[in-house]
file work-v9.txt (compact mmCIF, C-alpha atoms and all ligand atoms)
# COMPACT_ATOMS: atom_id res chain seq x y z
CA GLN G 1 22.47 33.48 60.30
CA ALA G 2 18.98 32.60 59.10
CA THR G 3 18.74 31.28 55.53
CA GLU G 4 16.59 33.02 52.93
CA ALA G 5 13.90 30.38 53.40
CA GLU G 6 13.79 30.98 57.15
CA LYS G 7 13.67 34.73 56.66
CA THR G 8 10.51 34.46 54.64
CA ALA G 9 8.99 31.89 57.01
CA ALA G 10 5.88 32.77 58.97
CA PRO G 11 6.67 34.86 62.02
CA VAL G 12 7.01 33.17 65.40
CA LEU G 13 5.96 36.31 67.19
CA GLN G 14 3.74 38.94 65.71
CA LEU G 15 3.09 42.28 67.38
CA VAL G 16 0.24 44.36 66.03
CA GLY G 17 -0.42 47.88 67.34
CA ILE G 18 0.99 47.09 70.77
CA LYS G 19 0.56 49.79 73.41
CA LYS G 20 1.06 49.94 77.14
CA ILE G 21 -0.50 52.96 78.79
CA PHE G 22 0.22 53.77 82.45
CA GLY G 23 -2.26 56.48 83.52
CA ASP G 24 -1.98 58.96 80.66
CA PHE G 25 1.55 57.95 79.69
CA ALA G 26 2.26 55.60 76.80
CA ALA G 27 5.37 53.61 77.79
CA VAL G 28 4.93 51.59 74.58
CA ASP G 29 3.12 53.54 71.90
CA GLY G 30 1.95 51.41 68.98
CA ILE G 31 4.46 48.80 67.85
CA ASP G 32 4.11 46.52 64.83
CA VAL G 33 6.87 43.95 64.41
CA ASP G 34 7.14 40.42 63.06
CA ILE G 35 9.86 38.25 64.55
CA ARG G 36 10.79 35.29 62.39
CA GLU G 37 11.73 31.74 63.28
CA GLY G 38 15.33 31.48 64.42
CA GLU G 39 15.99 35.21 64.34
CA PHE G 40 18.19 37.10 66.78
CA VAL G 41 16.46 40.44 67.25
CA THR G 42 17.88 43.07 69.55
CA ILE G 43 15.91 46.05 70.77
CA VAL G 44 17.99 49.09 71.69
CA GLY G 45 17.02 52.54 72.84
CA PRO G 46 17.79 55.12 75.49
CA SER G 47 16.72 54.71 79.09
CA GLY G 48 12.95 55.00 79.43
CA SER G 49 12.21 54.31 75.76
CA GLY G 50 9.99 51.34 76.67
CA LYS G 51 12.26 48.35 75.98
CA THR G 52 11.64 46.54 79.26
CA THR G 53 7.93 47.23 79.13
CA LEU G 54 7.78 45.73 75.64
CA LEU G 55 9.76 42.66 76.67
CA ARG G 56 7.58 42.13 79.75
CA MET G 57 4.53 42.03 77.50
CA LEU G 58 6.19 39.54 75.16
CA ALA G 59 7.20 37.34 78.08
CA GLY G 60 3.70 37.49 79.60
CA MET G 61 4.50 39.43 82.76
CA GLU G 62 2.14 42.17 81.66
CA GLY G 63 -0.69 42.46 79.21
CA PRO G 64 -0.80 45.18 76.56
CA THR G 65 -3.51 47.84 76.91
CA HIS G 66 -3.99 47.83 73.10
CA GLY G 67 -3.05 45.55 70.24
CA TYR G 68 -2.34 41.89 69.70
CA ILE G 69 0.55 39.56 70.36
CA THR G 70 0.44 36.25 68.56
CA LEU G 71 2.78 33.31 68.93
CA ARG G 72 2.74 30.97 65.94
CA GLY G 73 -0.61 32.46 65.03
CA GLU G 74 -2.20 32.01 68.47
CA LEU G 75 -3.34 35.12 70.37
CA ILE G 76 -1.38 35.23 73.64
CA ASN G 77 -2.21 38.69 75.04
CA ASP G 78 -3.55 37.24 78.27
CA MET G 79 -1.61 33.99 78.45
CA PRO G 80 0.39 33.92 81.73
CA ALA G 81 4.20 33.75 81.52
CA ASP G 82 4.45 30.18 82.80
CA LYS G 83 2.06 28.91 80.12
CA ARG G 84 4.05 30.43 77.26
CA PRO G 85 6.73 28.44 75.43
CA THR G 86 9.13 31.30 76.16
CA CYS G 87 11.75 32.05 78.80
CA LEU G 88 13.14 35.31 80.12
CA VAL G 89 16.77 35.71 81.25
CA PHE G 90 17.30 38.76 83.49
CA GLN G 91 20.36 40.76 84.34
CA SER G 92 19.89 39.65 87.97
CA LEU G 93 19.77 36.01 86.74
CA ALA G 94 17.42 34.98 89.56
CA LEU G 95 19.41 31.84 90.38
CA PHE G 96 18.51 29.77 93.46
CA PRO G 97 21.32 30.79 95.81
CA HIS G 98 21.55 27.77 98.09
CA LYS G 99 21.45 25.22 95.34
CA THR G 100 24.14 23.68 93.20
CA VAL G 101 24.80 24.46 89.56
CA GLY G 102 23.15 21.15 88.65
CA GLU G 103 20.05 21.80 90.76
CA ASN G 104 19.64 25.22 89.21
CA ILE G 105 19.85 23.91 85.68
CA GLU G 106 17.58 20.96 86.39
CA PHE G 107 14.86 23.02 88.03
CA PRO G 108 12.63 23.28 84.92
CA LEU G 109 13.01 19.54 84.33
CA LYS G 110 12.14 18.73 87.93
CA VAL G 111 8.97 20.81 87.65
CA ARG G 112 8.07 18.70 84.62
CA LYS G 113 8.78 15.54 86.63
CA VAL G 114 11.58 14.34 84.38
CA PRO G 115 13.32 11.34 86.09
CA ALA G 116 16.56 12.16 87.97
CA ALA G 117 18.99 10.33 85.70
CA GLU G 118 17.55 11.93 82.59
CA ARG G 119 17.66 15.34 84.29
CA LYS G 120 21.31 14.96 85.11
CA ALA G 121 22.20 13.84 81.59
CA ARG G 122 20.40 16.84 80.12
CA ALA G 123 22.03 19.23 82.64
CA LEU G 124 25.49 17.92 81.75
CA GLU G 125 24.72 18.27 78.07
CA LEU G 126 23.63 21.88 78.59
CA MET G 127 26.73 22.54 80.70
CA ARG G 128 28.89 21.33 77.81
CA MET G 129 27.00 23.57 75.43
CA LEU G 130 27.53 26.52 77.76
CA ARG G 131 31.22 25.69 78.27
CA LEU G 132 30.82 24.89 81.98
CA GLN G 133 33.15 22.17 83.14
CA GLU G 134 31.53 19.00 84.40
CA HIS G 135 32.91 19.30 87.94
CA TYR G 136 30.81 22.45 88.44
CA TYR G 137 27.73 20.25 88.56
CA GLY G 138 27.87 19.84 92.36
CA LYS G 139 29.21 23.30 93.11
CA ASN G 140 27.17 25.83 95.06
CA VAL G 141 26.10 28.40 92.50
CA MET G 142 27.05 31.30 94.79
CA ARG G 143 30.68 30.17 94.63
CA CYS G 144 30.69 30.68 90.84
CA SER G 145 32.13 33.78 89.18
CA GLY G 146 29.92 36.31 87.40
CA GLY G 147 30.52 34.76 84.00
CA GLU G 148 29.86 31.25 85.30
CA LYS G 149 26.60 32.32 86.95
CA GLN G 150 25.61 33.84 83.64
CA ARG G 151 26.21 30.52 81.91
CA VAL G 152 24.23 28.67 84.59
CA ALA G 153 21.29 31.03 84.07
CA LEU G 154 21.48 30.44 80.32
CA ALA G 155 21.68 26.68 80.74
CA ARG G 156 18.60 26.80 82.98
CA ALA G 157 16.76 28.88 80.38
CA PHE G 158 17.58 26.27 77.73
CA ALA G 159 16.41 23.50 80.07
CA TYR G 160 12.89 24.88 79.65
CA ASP G 161 13.34 24.14 75.96
CA PRO G 162 11.48 27.31 75.02
CA ASP G 163 10.61 28.33 71.46
CA VAL G 164 11.69 31.89 72.12
CA LEU G 165 14.26 33.20 74.61
CA PHE G 166 14.00 36.75 75.90
CA PHE G 167 17.00 38.51 77.37
CA ASP G 168 16.81 41.65 79.50
CA GLU G 169 20.32 43.14 79.53
CA PRO G 170 21.89 39.91 80.81
CA LEU G 171 25.47 41.07 80.31
CA SER G 172 25.29 44.62 81.59
CA ALA G 173 26.81 43.87 85.01
CA LEU G 174 29.88 42.09 83.66
CA ASP G 175 33.34 43.51 83.03
CA TYR G 176 34.26 44.48 79.48
CA LYS G 177 36.33 41.48 78.53
CA LEU G 178 33.88 38.92 79.84
CA LYS G 179 31.03 40.80 78.23
CA LYS G 180 32.77 40.70 74.84
CA ALA G 181 33.45 36.98 75.21
CA LEU G 182 29.87 36.22 76.22
CA GLU G 183 28.43 38.31 73.37
CA LYS G 184 30.18 36.04 70.92
CA GLU G 185 29.21 32.92 72.86
CA LEU G 186 25.59 34.00 72.85
CA LYS G 187 25.71 34.44 69.13
CA ASP G 188 27.28 30.98 68.75
CA LEU G 189 24.66 29.56 71.09
CA HIS G 190 21.95 31.17 69.00
CA ARG G 191 23.32 29.54 65.89
CA GLU G 192 23.80 26.13 67.50
CA SER G 193 20.37 26.05 69.14
CA GLY G 194 18.38 27.46 66.20
CA LYS G 195 16.07 29.19 68.72
CA THR G 196 14.54 32.63 68.36
CA PHE G 197 16.24 35.24 70.57
CA VAL G 198 14.82 38.63 71.50
CA TYR G 199 17.34 40.69 73.41
CA ILE G 200 17.22 44.16 74.90
CA THR G 201 20.18 46.33 75.71
CA HIS G 202 21.41 49.92 76.03
CA SER G 203 24.56 48.90 74.29
CA LEU G 204 24.69 49.55 70.64
CA GLU G 205 27.91 47.63 70.28
CA GLU G 206 26.29 44.56 71.81
CA ALA G 207 23.36 44.89 69.41
CA MET G 208 25.61 45.23 66.37
CA VAL G 209 27.80 42.24 67.21
CA MET G 210 25.07 39.74 67.91
CA SER G 211 21.92 40.47 66.00
CA ASP G 212 20.32 39.55 62.70
CA ARG G 213 18.11 42.61 63.12
CA VAL G 214 18.20 45.59 65.44
CA GLY G 215 15.08 47.51 66.46
CA VAL G 216 15.62 51.05 67.72
CA MET G 217 13.09 52.42 70.21
CA ASN G 218 12.51 56.02 71.18
CA ARG G 219 9.66 57.28 73.38
CA GLY G 220 7.68 54.10 73.13
CA LYS G 221 7.92 53.79 69.36
CA MET G 222 10.01 51.52 67.17
CA VAL G 223 11.68 54.13 65.01
CA GLN G 224 13.54 51.66 62.82
CA ILE G 225 14.12 47.95 62.54
CA GLY G 226 16.66 46.43 60.18
CA THR G 227 19.97 44.64 59.87
CA PRO G 228 22.88 46.23 61.76
CA GLU G 229 24.25 47.28 58.37
CA GLU G 230 20.97 48.98 57.35
CA ILE G 231 20.64 50.78 60.66
CA TYR G 232 24.19 52.00 60.47
CA THR G 233 24.35 53.03 56.81
CA ARG G 234 20.72 54.02 56.22
CA PRO G 235 19.37 55.39 59.51
CA ALA G 236 15.71 56.34 59.24
CA ASN G 237 16.14 59.66 60.99
CA ARG G 238 18.47 61.84 62.94
CA PHE G 239 17.73 60.11 66.23
CA VAL G 240 18.85 56.72 64.90
CA ALA G 241 21.94 58.19 63.21
CA GLU G 242 23.01 59.93 66.39
CA PHE G 243 22.18 56.99 68.61
CA PHE G 244 24.56 54.85 66.59
CA GLY G 245 27.80 56.54 67.52
CA GLU G 246 29.37 59.95 67.36
CA VAL G 247 28.59 61.94 64.25
CA ASN G 248 29.29 65.20 62.45
CA SER G 249 25.96 66.72 61.55
CA PHE G 250 24.98 69.65 59.37
CA ALA G 251 21.63 71.37 58.92
CA VAL G 252 20.90 71.56 55.20
CA THR G 253 18.35 73.17 52.90
CA ARG G 254 17.39 72.09 49.41
CA ASN G 255 18.01 74.74 46.72
CA GLU G 256 16.12 75.35 43.45
CA THR G 257 18.24 72.81 41.57
CA GLY G 258 17.55 70.08 44.10
CA ILE G 259 20.99 70.22 45.68
CA TRP G 260 21.25 70.23 49.45
CA ARG G 261 23.39 73.06 50.79
CA GLN G 262 24.45 73.78 54.30
CA SER G 263 21.85 76.10 55.81
CA ASP G 264 24.40 78.49 57.30
CA GLY G 265 26.23 78.95 53.96
CA GLY G 266 29.03 76.52 54.82
CA PRO G 267 30.77 74.33 52.24
CA LEU G 268 28.59 71.26 52.41
CA ALA G 269 26.75 70.15 49.26
CA VAL G 270 25.02 66.86 48.52
CA GLY G 271 23.30 65.92 45.26
CA SER G 272 20.42 63.59 44.41
CA VAL G 273 18.65 62.86 47.64
CA ASP G 274 15.38 61.17 48.51
CA GLU G 275 12.65 63.60 47.44
CA THR G 276 10.37 62.54 50.26
CA ILE G 277 12.50 64.02 53.02
CA GLY G 278 11.31 67.65 52.67
CA ASP G 279 13.20 70.87 52.15
CA THR G 280 15.28 70.86 55.28
CA ALA G 281 17.22 67.92 56.61
CA THR G 282 20.33 66.87 58.45
CA VAL G 283 23.44 65.52 56.79
CA ILE G 284 25.44 63.11 58.86
CA VAL G 285 29.09 62.36 58.19
CA ARG G 286 30.49 59.74 60.49
CA PRO G 287 33.96 60.33 61.94
CA GLU G 288 35.22 57.19 60.20
CA THR G 289 34.28 58.54 56.75
CA MET G 290 35.63 62.03 57.45
CA ARG G 291 39.22 62.33 56.14
CA PHE G 292 42.16 64.66 56.02
CA VAL G 293 42.35 65.94 52.44
CA MET G 294 44.60 68.02 50.21
CA ALA G 295 42.16 70.41 48.57
CA PRO G 296 41.58 74.11 48.06
CA ALA G 297 39.74 75.65 50.96
CA THR G 298 36.99 76.86 48.64
CA ALA G 299 35.98 73.40 47.37
CA ASP G 300 32.61 71.94 48.26
CA ASN G 301 32.65 69.54 51.20
CA VAL G 302 36.01 70.75 52.46
CA ILE G 303 36.45 72.37 55.83
CA ILE G 304 39.60 74.06 57.07
CA GLY G 305 40.21 73.80 60.76
CA LYS G 306 42.72 73.26 63.50
CA ILE G 307 43.38 70.06 65.38
CA TYR G 308 42.34 70.74 68.95
CA ASN G 309 42.92 67.34 70.48
CA GLU G 310 43.59 63.71 69.59
CA TYR G 311 42.37 60.48 71.16
CA SER G 312 43.64 56.97 70.75
CA LEU G 313 40.93 54.42 69.91
CA GLY G 314 43.44 51.58 70.03
CA SER G 315 44.02 50.64 66.41
CA ARG G 316 42.84 54.05 65.16
CA MET G 317 43.04 57.67 66.17
CA GLN G 318 40.28 60.21 66.53
CA TYR G 319 40.97 63.90 66.04
CA GLN G 320 38.87 66.78 67.26
CA VAL G 321 39.06 69.56 64.68
CA HIS G 322 37.80 73.06 65.43
CA SER G 323 36.62 75.28 62.60
CA GLY G 324 35.11 78.57 63.69
CA GLU G 325 32.45 77.72 66.23
CA ARG G 326 32.13 74.15 65.07
CA ILE G 327 33.76 70.96 66.26
CA PHE G 328 34.31 68.01 63.91
CA LEU G 329 35.47 64.48 64.59
CA VAL G 330 37.80 62.71 62.18
CA GLU G 331 39.01 59.16 62.54
CA ALA G 332 42.20 58.05 60.89
CA PRO G 333 44.25 54.90 60.95
CA ARG G 334 47.38 55.13 63.05
CA ALA G 335 49.76 54.94 60.11
CA ALA G 336 48.14 57.79 58.20
CA ALA G 337 47.94 59.78 61.35
CA THR G 338 51.65 60.11 61.89
CA GLY G 339 52.82 63.63 61.85
CA LEU G 340 49.56 65.32 62.78
CA SER G 341 49.15 66.80 66.19
CA ALA G 342 47.25 69.39 68.18
CA GLY G 343 47.61 72.90 66.78
CA ASP G 344 48.07 71.82 63.13
CA THR G 345 45.89 73.44 60.49
CA VAL G 346 44.18 70.79 58.35
CA ALA G 347 41.65 70.40 55.56
CA ILE G 348 38.97 67.78 56.19
CA GLY G 349 36.46 66.37 53.74
CA TRP G 350 34.43 63.36 52.75
CA ASP G 351 33.09 61.54 49.72
CA VAL G 352 29.61 62.77 48.90
CA GLY G 353 28.47 59.13 48.76
CA ASP G 354 29.39 58.70 52.43
CA ALA G 355 27.14 61.52 53.59
CA ILE G 356 23.85 60.30 55.06
CA VAL G 357 20.84 62.59 54.62
CA VAL G 358 18.08 62.14 57.16
CA GLY G 359 14.83 63.88 57.88
CA ASP G 360 14.66 65.69 61.22
P1 LIG J 401 15.88 51.29 80.80
O1 LIG J 401 16.81 51.13 79.65
O2 LIG J 401 16.27 52.42 81.71
O3 LIG J 401 15.58 50.01 81.50
P2 LIG J 401 13.51 51.04 79.20
O4 LIG J 401 13.69 51.49 77.80
O5 LIG J 401 13.54 49.60 79.48
O6 LIG J 401 14.51 51.81 80.14
P3 LIG J 401 10.95 50.98 80.49
O7 LIG J 401 11.47 50.40 81.75
O8 LIG J 401 10.18 50.13 79.58
O9 LIG J 401 12.12 51.68 79.67
O10 LIG J 401 10.07 52.26 80.87
C1 LIG J 401 9.47 53.09 79.90
C2 LIG J 401 8.72 54.20 80.61
O11 LIG J 401 7.56 53.66 81.23
C3 LIG J 401 9.52 54.89 81.68
O12 LIG J 401 9.28 56.27 81.61
C4 LIG J 401 8.96 54.30 82.96
O13 LIG J 401 9.06 55.23 84.01
C5 LIG J 401 7.52 54.02 82.61
N1 LIG J 401 6.99 52.89 83.36
C6 LIG J 401 7.42 51.61 83.33
N2 LIG J 401 6.68 50.82 84.14
C7 LIG J 401 5.74 51.62 84.69
C8 LIG J 401 4.66 51.40 85.61
N3 LIG J 401 4.42 50.20 86.12
N4 LIG J 401 3.90 52.48 85.95
C9 LIG J 401 4.15 53.70 85.43
N5 LIG J 401 5.15 53.97 84.55
C10 LIG J 401 5.93 52.95 84.18
call {"tool": "encode", "arguments": {"input": "work-v9.txt", "output": "structure tokens", "more": "lines below"}}
Ligand code: ATP
result
Amino acid sequence: QATEAEKTAAPVLQLVGIKKIFGDFAAVDGIDVDIREGEFVTIVGPSGSGKTTLLRMLAGMEGPTHGYITLRGELINDMPADKRPTCLVFQSLALFPHKTVGENIEFPLKVRKVPAAERKARALELMRMLRLQEHYYGKNVMRCSGGEKQRVALARAFAYDPDVLFFDEPLSALDYKLKKALEKELKDLHRESGKTFVYITHSLEEAMVMSDRVGVMNRGKMVQIGTPEEIYTRPANRFVAEFFGEVNSFAVTRNETGIWRQSDGGPLAVGSVDETIGDTATVIVRPETMRFVMAPATADNVIIGKIYNEYSLGSRMQYQVHSGERIFLVEAPRAAATGLSAGDTVAIGWDVGDAIVVGD
């Protein structure tokens, strides 16, 4: 985690009004972001939202059609990838197939004409950092497992000694367990190395686990950037709220007294909300803040329904509750869940403070 001093430090990378237009289509449509020294920033967004295009511009594989990219204050819009003090790690890894683990890791050092003994010492040091056993040094890289190849690719990226490392979904091809392990290792590696990481992924979970800040892209725009906590608890709009997991959502209208009420006359009511949102909005109640309650059916924020189905989430349960035409999701811990099953009539509710009001 970056200290307060680092957080206020001058940005390493600064993006001002960045656009990439292909024909008449804006793949990246005006992005302003400052990335600070030593930060781990993850960019998430649905397929086609422009993540890869943005990363390619940062890494120097493409130039922006509008805007400026500066690295430590220097304009780098047209600086080729190999001249930038940055390194990109792909999902495909792009390892040299007929070479050993050691040769792969040492490649950047060889290009820089570092003497052989020094190269080997550095490669072994990086292998230790990446938890690759020493005897892998002479092993053909194609005989390594998926996770080991991933570590070799990371070690090679570090051998460039870049200021900023870019990652394009490097873990997406791995199985769940290995992916989870490597997410944590990457975060450790980030902390140990003190480098700036910019990472793109489809996976929200991955973004939440690893990052200092998460940027959410939609249709070429950065719709929100903030800490995982901010993005989760204070989503900027409905898109972000719904992107970050399953939700219960209600269309609401503000009444004369400033209280939001459910537009279709349902029981939902929320007080004191940001005046800037407008007169209609969406209220989001996450399944984990929705609860089974004992309350009269006529109370505000209480819905009577029937359990339609139940799903195990491992340590918790999720219930699907049907009420009229609507379907709600309620998460409950296993212990509290005992005794409830499909067909039961239940009252569900939430604390008003847990409801998130977002503009549409
Ligand atoms: P994914 O998660 O599927 O990789 P993404 O968010 O990385 O998606 P991009 O690959 O950046 O999205 O693509 C954004 C949009 O720009 C897409 O609609 C894509 O078809 C378009 N696009 C990307 N490269 C080009 C190109 N060279 N010419 C024309 N359109 C392009």
call {"tool": "residues_around", "arguments": {"input": "work-v9.txt", "residues": "Ile76 in chain G", "least_positions_apart": "6", "cutoff": "10 Å", "atoms": "all atoms listed in the file", "output": "ChimeraX atom specification"}}
result
/G:13,57-60,63,68-70,83-84
call {"tool": "closest_residue", "arguments": {"input": "work-v9.txt", "among": "G:Asn77, G:Gln133, G:Ser172, G:Asn104", "to": "ligand LIG 401 (chain J)", "atoms": "all atoms listed in the file"}}
result
G:Ser172
call {"tool": "residues_near_ligand", "arguments": {"input": "work-v9.txt", "ligand": "ligand LIG 401 (chain J)", "cutoff": "6 Å", "atoms": "only C-alpha atoms and all ligand atoms", "output": "ChimeraX atom specification"}}
result
/G:22,27,46-53,202
call {"tool": "closest_residue", "arguments": {"input": "work-v9.txt", "among": "G:Ala332, G:Val240, G:Glu230, G:Ile327", "to": "Met217 in chain G", "atoms": "all atoms listed in the file"}}
result
G:Val240
call {"tool": "residues_around", "arguments": {"input": "work-v9.txt", "residues": "range 176-191 of chain G", "least_positions_apart": "5", "cutoff": "9 Å", "atoms": "all atoms listed in the file", "output": "MDAnalysis selection string"}}
result
chainID G and resid 1:2 38:40 129:130 146:147 150:151 171 196:197 206 209:211
call {"tool": "residues_around", "arguments": {"input": "work-v9.txt", "residues": "Val44 in chain G", "least_positions_apart": "5", "cutoff": "9 Å", "atoms": "only C-alpha atoms", "output": "number ranges by chain"}}
result
G: 49, 51, 199-204, 207, 214-218
